[in-house]
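Right, one structure below, let's go through it.
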Amino acid sequence: MPFSVKISAMEGADGLAMIPDKGYVWAGVQGACISLIRVSSDGEVLWTKSVCPAVPGQDISFGSLHIAPNPDGSGSFFVLFRKGAFVSAPDNYLIMLHLDAQGNILWETALPPQKRYGPFSTGSQLLVQPDGKIWAAHGMGFTDAFPDYNQALVYQVDPNGTTVMRRLFLTEDQAVINGLVAGLAETIIGYGALGFAINDGFLLHLDAFGNPLQASRFPGFYFLKDGGAFSNGDLAFMGKFGNRFAFTRIHPDGTPVWAFELPDSIKLVNLRVSSDDHLVLALRKGNQRYWLAKVDGESVEMKWSNQVEDCTFYKTTALSAGQNGSVCVAQTNYSGDLLSRLFSVGDSGEPGLSCPFWPVELPALKAISLNPLPLNFTSSDFQNPIDEQIFTTSPATLVISSCCPSVLPSAIFDLPDYLCAGSTLQLQTTDGACLDDWNWTLQGSNQTQFNQAHIQAVWDFPGHYLIRLEAYHGTCSSVYEDTLSVVEIPDLTLFSSRDTFICPDKPFSIQAGLSGYEEWIWQDGQEGSNRVWDPPQEGIWTLTGKNPDCQITDSLEIKFADCGPAQVFAPNVFTPNDDGINDAWEVYTQSGVFPLYCRVYDRWGNLCYASAEGMPAQWNGFTGRTAAPSGVYVWTFRYRTYTGAEEQRSGDLLLLR
C-alpha cells in the first residue's frame, strides 16, 4: 500500500533499508545525533530513536548513513557512518552499530582508516551476507592535494561485532571504492573509480574471505554510489561516462550486457533494482526538480516516469526496493528548512494518499559501449582495533505527519453569512499541516498571530471586513479573499424572569433556549438548555447559547422562599426481628434539612444510639453488640434548616421484639 510520511527537524535522510518483515528503517541527522525511524510497510511509524554521543558536546560530523538488515529475520539491523568533523582528527573513523528490532544498540565497532578519512563518505558501503558476515567499505573523493583520501579499504565483521579482516587494496592508480554489492556463491563485488583526473572505474570481485578473484577496469566509465543485483545475478550500476550520467547492466564476471547514457541536462542521483527486475532511477533536471523513472531491466524501455514534486527543492537521498515492484523513496529539503519525507510508489508509478504526480517524458537514452580490461590489485592486511563505546540511544523528538511529496497550496477558507460582534470565528485552511507558511489579513480583528493554518479571531464592532489568505509551499503560493459581515448581537431573552423563588424541598426545572443555536452551556459546565436542580441550589445561573456565527448569554437568579417549617417525621414503633419489615427506626426529613445529631435513650437515661453530624438518623435496635430489649425509648433529633437556623425535635419510641 503506497504511503507518504513527512518528518520535521531531520536532514540528510540518506539511510534507508527494507527489513525482512516488509517494513523500513530510515535514518537522518538531527543536530549531533542520528535519528532512526521504523516504518511499517503501509507507512505507520512504529518507533523513533536518537543515536547520540554518550558524552554530550563531542565533535561529531556524520558522513553518509548506511543501513542493512540482519538476514536472520529478527528485525535487527546494522548502521554504518563516519564519525569525526576534521580530516586530521585522531578519532575520525567509521562506526558500525548493531541495533535490535526496537532500535537499541546491541554492539558498537569502530573501523579505523589506513591513514585518515576525508570529508566525504559515499556509496552503498554496508553489506550483510546470509551467513551473518558483515562487510563495510570506505572510500573518499578524488583529490591530488591529499592522495591519502583515495582509499579502497574493506572490512569484514563477524556477527558479534569483532573485526576479523581489515584490508587495503591498491593498484597502479589511486582507487576509491564507492560501494559493495553481493555476487554469486557468497562472493562480494566492490566498485568504484580510479585516479584523480581519470574517468575510469573498476569492479573488484572478492571471495567470502576478502581475497581478490578478479578485477576489471572500465575505461571512460566510473562507478558512482548506487548498485543492485537482478534475480539472475546480473548487476546494475550507476556512473558517469565522460561528463554524462549513465547506467549499466553487467554479468557477474564483469561482461557488460548493456549501457546507456543520459543527456547533459539530466543527473542520475540514485539507482535500485526493483523486486520485479526493473531499474528505478531517481533523476534531477536542470531546474533542480527531481523525478522517478522505471525502465525495463531487459529492453531498457520506459515503464513510467513521474515528477514527484513541483514546488519545493527536496533532494532524493535514497531508494529502497519494496515488494511487488514498489520502491521506497527518501528525500530531504535543502532550501533551509529541516524537513525530510519518505514515500512509496507502486509498481505502476502510482503515489500514496491520492498524491498528485506529473508524468515526465524520459529523454532519449543513448547506447554506449563498455570495453573492460583486466586490472591487478594488491592487498595488505592491517590490524588496529579500537574498543570504545561512543554512542547511546534515546527516544527521538520528531514531528511526524502524513503529507504528499507533491502539494500544491490551496488558500481556500469558508466564511459564515454573518458573525455577531464579539463572537469567535474559527478560520481554517486546507492541507494545513503540509504547507510551509500562511499569511492572513484580518481587517478589523484583534487577532495578532497570522502565520498559522488554523486561527481564531474576534471582531468587536459591526461592519464589513476583508479576509485574505496567502498560502505558501516552497516556490508555489495561492491567494484567496472574501468579505466578512459582522452584525450587532441580537437582544434576546432566554428566561421569562430574572428572579425565581422556590421551595428548598422540591426539585426545580427550567426550559430555555432558542432555535438556531446548536450548543448550550451553563457556567458550571453542564450542557443543554433544559435543566433540573434536585436538590435545588441558590445562586445566579448563566446560560450561553452558541452557533457558528453568534453567541448569546442570559442569567437567572434562584432564591429560596419561606415555605413553612421544616418537615421532620419519625415513626413511634419498630420491630427489629430480622423479618425484613420495619427492622430499623429512621428520622425522615424534607430536602434542604441538614442533620446535626440524633440520640436515643432508654427509660433510665442511658444512651443507646447516637448518629454523627451530617449522617442519616437510623437505629437498628442494638446497643453496641447487644440487642436492646422491648420497651419505650426517648429520642432527640437536632438539625439545621435551609435558612441556617438550628431546630430540635423529640418524642417516644416503642421497640417490640
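Simple scheme: letters A, B, ... for chains in C-alpha cells order, numbers from 1 for residues in each chain, numbers from 1 for ligands in the order shown.
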Requested in this report: Could you give me, as a ChimeraX atom specification, the residues within 10 Å of range 475-492 of chain A, counting only C-alpha atoms and dropping anything in the same chain fewer than 6 positions from it?
Outcome: /A:310-313,407-423,435-443,458-469,513-514,549-554
Query raised in the report: Could you pull out the strand (DSSP E) residues of range 485-619 of chain A from DSSP and send them as a ChimeraX atom specification?
Result: /A:485-487,499-502,508-510,519-522,531-533,539-547,550-560,568-569,573-574,585-586,588-589,594-601,607-610,618-619
Query raised in the report: Of the candidates A:Ile502, A:Ala152, A:Leu194, A:Val45, which shows the shortest atom-to-atom distance to Gly592 in chain A, using only C-alpha atoms?
Result: A:Ile502
Query - Residues within 8 Å of Ala293 in chain A, only C-alpha atoms, excluding chain neighbours under 3 positions, as number ranges by chain - result: A: 280-283, 302-306, 362
Query - Polymer residues at most 10 Å from Glu298 in chain A, only C-alpha atoms, same-chain spacing of 5 or more positions, as a list of chain:residue names - result: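 Counting only C-alpha atoms, the residues come to A:Arg249, A:Val257, A:Trp258, A:Asp277, A:His278, A:Leu279.
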Requested write-out: C-alpha atoms of the selected residues, as a PDB file, in the first residue's frame:
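Here's the written file result-v9.pdb:
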```
ATOM      1  CA  ARG A 249      23.875  -3.936 -16.541  1.00  0.00           C
ATOM      2  CA  VAL A 257      25.099  -6.568 -21.032  1.00  0.00           C
ATOM      3  CA  TRP A 258      24.106  -3.032 -21.992  1.00  0.00           C
ATOM      4  CA  ASP A 277      13.777  -6.968 -12.077  1.00  0.00           C
ATOM      5  CA  HIS A 278      13.353  -3.439 -13.384  1.00  0.00           C
ATOM      6  CA  LEU A 279      15.505  -0.403 -12.707  1.00  0.00           C
TER       7      LEU A 279
END
```
Report task. Using only C-alpha atoms, determine which residues lie at most 10 Å from Ser74 in chain A, disregarding the query and same-chain residues fewer than 5 positions distant; provide the list as a list in words. Result ->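 Everything that qualifies: Ile19, Pro20, Asp21, Pro69, Asp100 and Ala101 of chain A.
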Keeping C-alpha atoms for every residue in the selection just given, could you write it to a file as a compact mmCIF listing (two decimals), in the first residue's frame?
```txt
# COMPACT_ATOMS: atom_id res chain seq x y z
CA ILE A 19 13.57 -5.05 6.83
CA PRO A 20 12.56 -8.71 6.26
CA ASP A 21 9.08 -8.10 7.71
CA PRO A 69 19.00 -5.60 7.65
CA ASP A 100 17.75 -4.69 17.75
CA ALA A 101 14.24 -4.53 16.28
```
Query raised in the report: Can you tell me how far CA of Cys328 in chain A sits from CA of Val269 in chain A, in Å to one decimal?
Result: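 Going from CA of Cys328 in chain A over to CA of Val269 in chain A covers 14.7 Å.
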Query raised in the report: With only C-alpha atoms as the basis for distance, which of A:Gly228, A:Gly161, A:Gly220, A:Gly605 is at the shortest distance from Gly183 in chain A?
Result: A:Gly228
Query raised in the report: Residues at most 12 Å from Asp14 in chain A, counting only C-alpha atoms, excluding those fewer than 2 positions away in the same chain, as JSON, numbers by chain?
Result: {"A": [10, 11, 12, 16, 17, 25, 26, 27, 28, 29, 34, 35, 36, 62, 63, 64, 65, 66, 67, 79, 80, 81, 121, 122, 123, 124, 225, 226, 269, 270, 315, 316, 317, 318, 319, 320, 328, 329, 330, 331, 332, 333, 340, 341, 342]}
**Report entry** Shell around Ser369 in chain A at 12 Å using only C-alpha atoms, local window under 3 positions removed, as an MDAnalysis selection string
**Finding:** chainID A and resid 218:221 241 246:250 255:261 366 372
What does the file look like for those residues with N, CA and C atoms, as an mmCIF file, in the first residue's frame?
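Result saved to out.cif:
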```
data_model
loop_
_atom_site.group_PDB
_atom_site.id
_atom_site.type_symbol
_atom_site.label_atom_id
_atom_site.label_comp_id
_atom_site.auth_asym_id
_atom_site.auth_seq_id
_atom_site.Cartn_x
_atom_site.Cartn_y
_atom_site.Cartn_z
ATOM 1 N N PHE A 218 37.185 -0.273 -16.389
ATOM 2 C CA PHE A 218 36.223 0.174 -17.386
ATOM 3 C C PHE A 218 36.632 1.564 -17.873
ATOM 4 N N PRO A 219 37.370 1.629 -18.989
ATOM 5 C CA PRO A 219 37.818 2.939 -19.497
ATOM 6 C C PRO A 219 36.629 3.843 -19.832
ATOM 7 N N GLY A 220 36.662 5.043 -19.322
ATOM 8 C CA GLY A 220 35.647 6.044 -19.627
ATOM 9 C C GLY A 220 34.404 5.979 -18.761
ATOM 10 N N PHE A 221 34.220 4.914 -17.980
ATOM 11 C CA PHE A 221 33.019 4.777 -17.150
ATOM 12 C C PHE A 221 33.451 4.532 -15.711
ATOM 13 N N PHE A 241 29.804 8.503 -17.710
ATOM 14 C CA PHE A 241 30.538 8.153 -18.923
ATOM 15 C C PHE A 241 31.013 9.459 -19.531
ATOM 16 N N ALA A 246 25.223 7.893 -16.551
ATOM 17 C CA ALA A 246 24.898 6.690 -17.293
ATOM 18 C C ALA A 246 24.576 5.565 -16.316
ATOM 19 N N PHE A 247 24.035 4.465 -16.838
ATOM 20 C CA PHE A 247 23.801 3.275 -16.021
ATOM 21 C C PHE A 247 24.008 2.044 -16.902
ATOM 22 N N THR A 248 24.305 0.943 -16.249
ATOM 23 C CA THR A 248 24.698 -0.243 -16.997
ATOM 24 C C THR A 248 24.259 -1.510 -16.274
ATOM 25 N N ARG A 249 24.116 -2.584 -17.078
ATOM 26 C CA ARG A 249 23.875 -3.936 -16.541
ATOM 27 C C ARG A 249 25.061 -4.791 -16.924
ATOM 28 N N ILE A 250 25.607 -5.518 -15.945
ATOM 29 C CA ILE A 250 26.858 -6.256 -16.133
ATOM 30 C C ILE A 250 26.697 -7.659 -15.564
ATOM 31 N N THR A 255 31.318 -8.850 -17.623
ATOM 32 C CA THR A 255 30.966 -8.611 -19.026
ATOM 33 C C THR A 255 29.740 -7.718 -19.112
ATOM 34 N N PRO A 256 29.813 -6.584 -19.815
ATOM 35 C CA PRO A 256 28.641 -5.707 -19.929
ATOM 36 C C PRO A 256 27.524 -6.360 -20.735
ATOM 37 N N VAL A 257 26.279 -6.142 -20.280
ATOM 38 C CA VAL A 257 25.099 -6.568 -21.032
ATOM 39 C C VAL A 257 24.601 -5.408 -21.883
ATOM 40 N N TRP A 258 24.442 -4.260 -21.292
ATOM 41 C CA TRP A 258 24.106 -3.032 -21.992
ATOM 42 C C TRP A 258 24.515 -1.849 -21.129
ATOM 43 N N ALA A 259 24.593 -0.681 -21.760
ATOM 44 C CA ALA A 259 24.896 0.554 -21.042
ATOM 45 C C ALA A 259 24.278 1.712 -21.810
ATOM 46 N N PHE A 260 23.720 2.700 -21.071
ATOM 47 C CA PHE A 260 23.080 3.853 -21.686
ATOM 48 C C PHE A 260 23.472 5.108 -20.921
ATOM 49 N N GLU A 261 23.620 6.200 -21.699
ATOM 50 C CA GLU A 261 23.904 7.482 -21.068
ATOM 51 C C GLU A 261 22.720 8.415 -21.214
ATOM 52 N N LYS A 366 20.954 7.064 -24.938
ATOM 53 C CA LYS A 366 21.923 6.739 -25.980
ATOM 54 C C LYS A 366 22.757 5.556 -25.529
ATOM 55 N N PRO A 372 35.690 -3.527 -20.914
ATOM 56 C CA PRO A 372 36.520 -3.720 -19.710
ATOM 57 C C PRO A 372 37.865 -4.343 -20.031
#
```
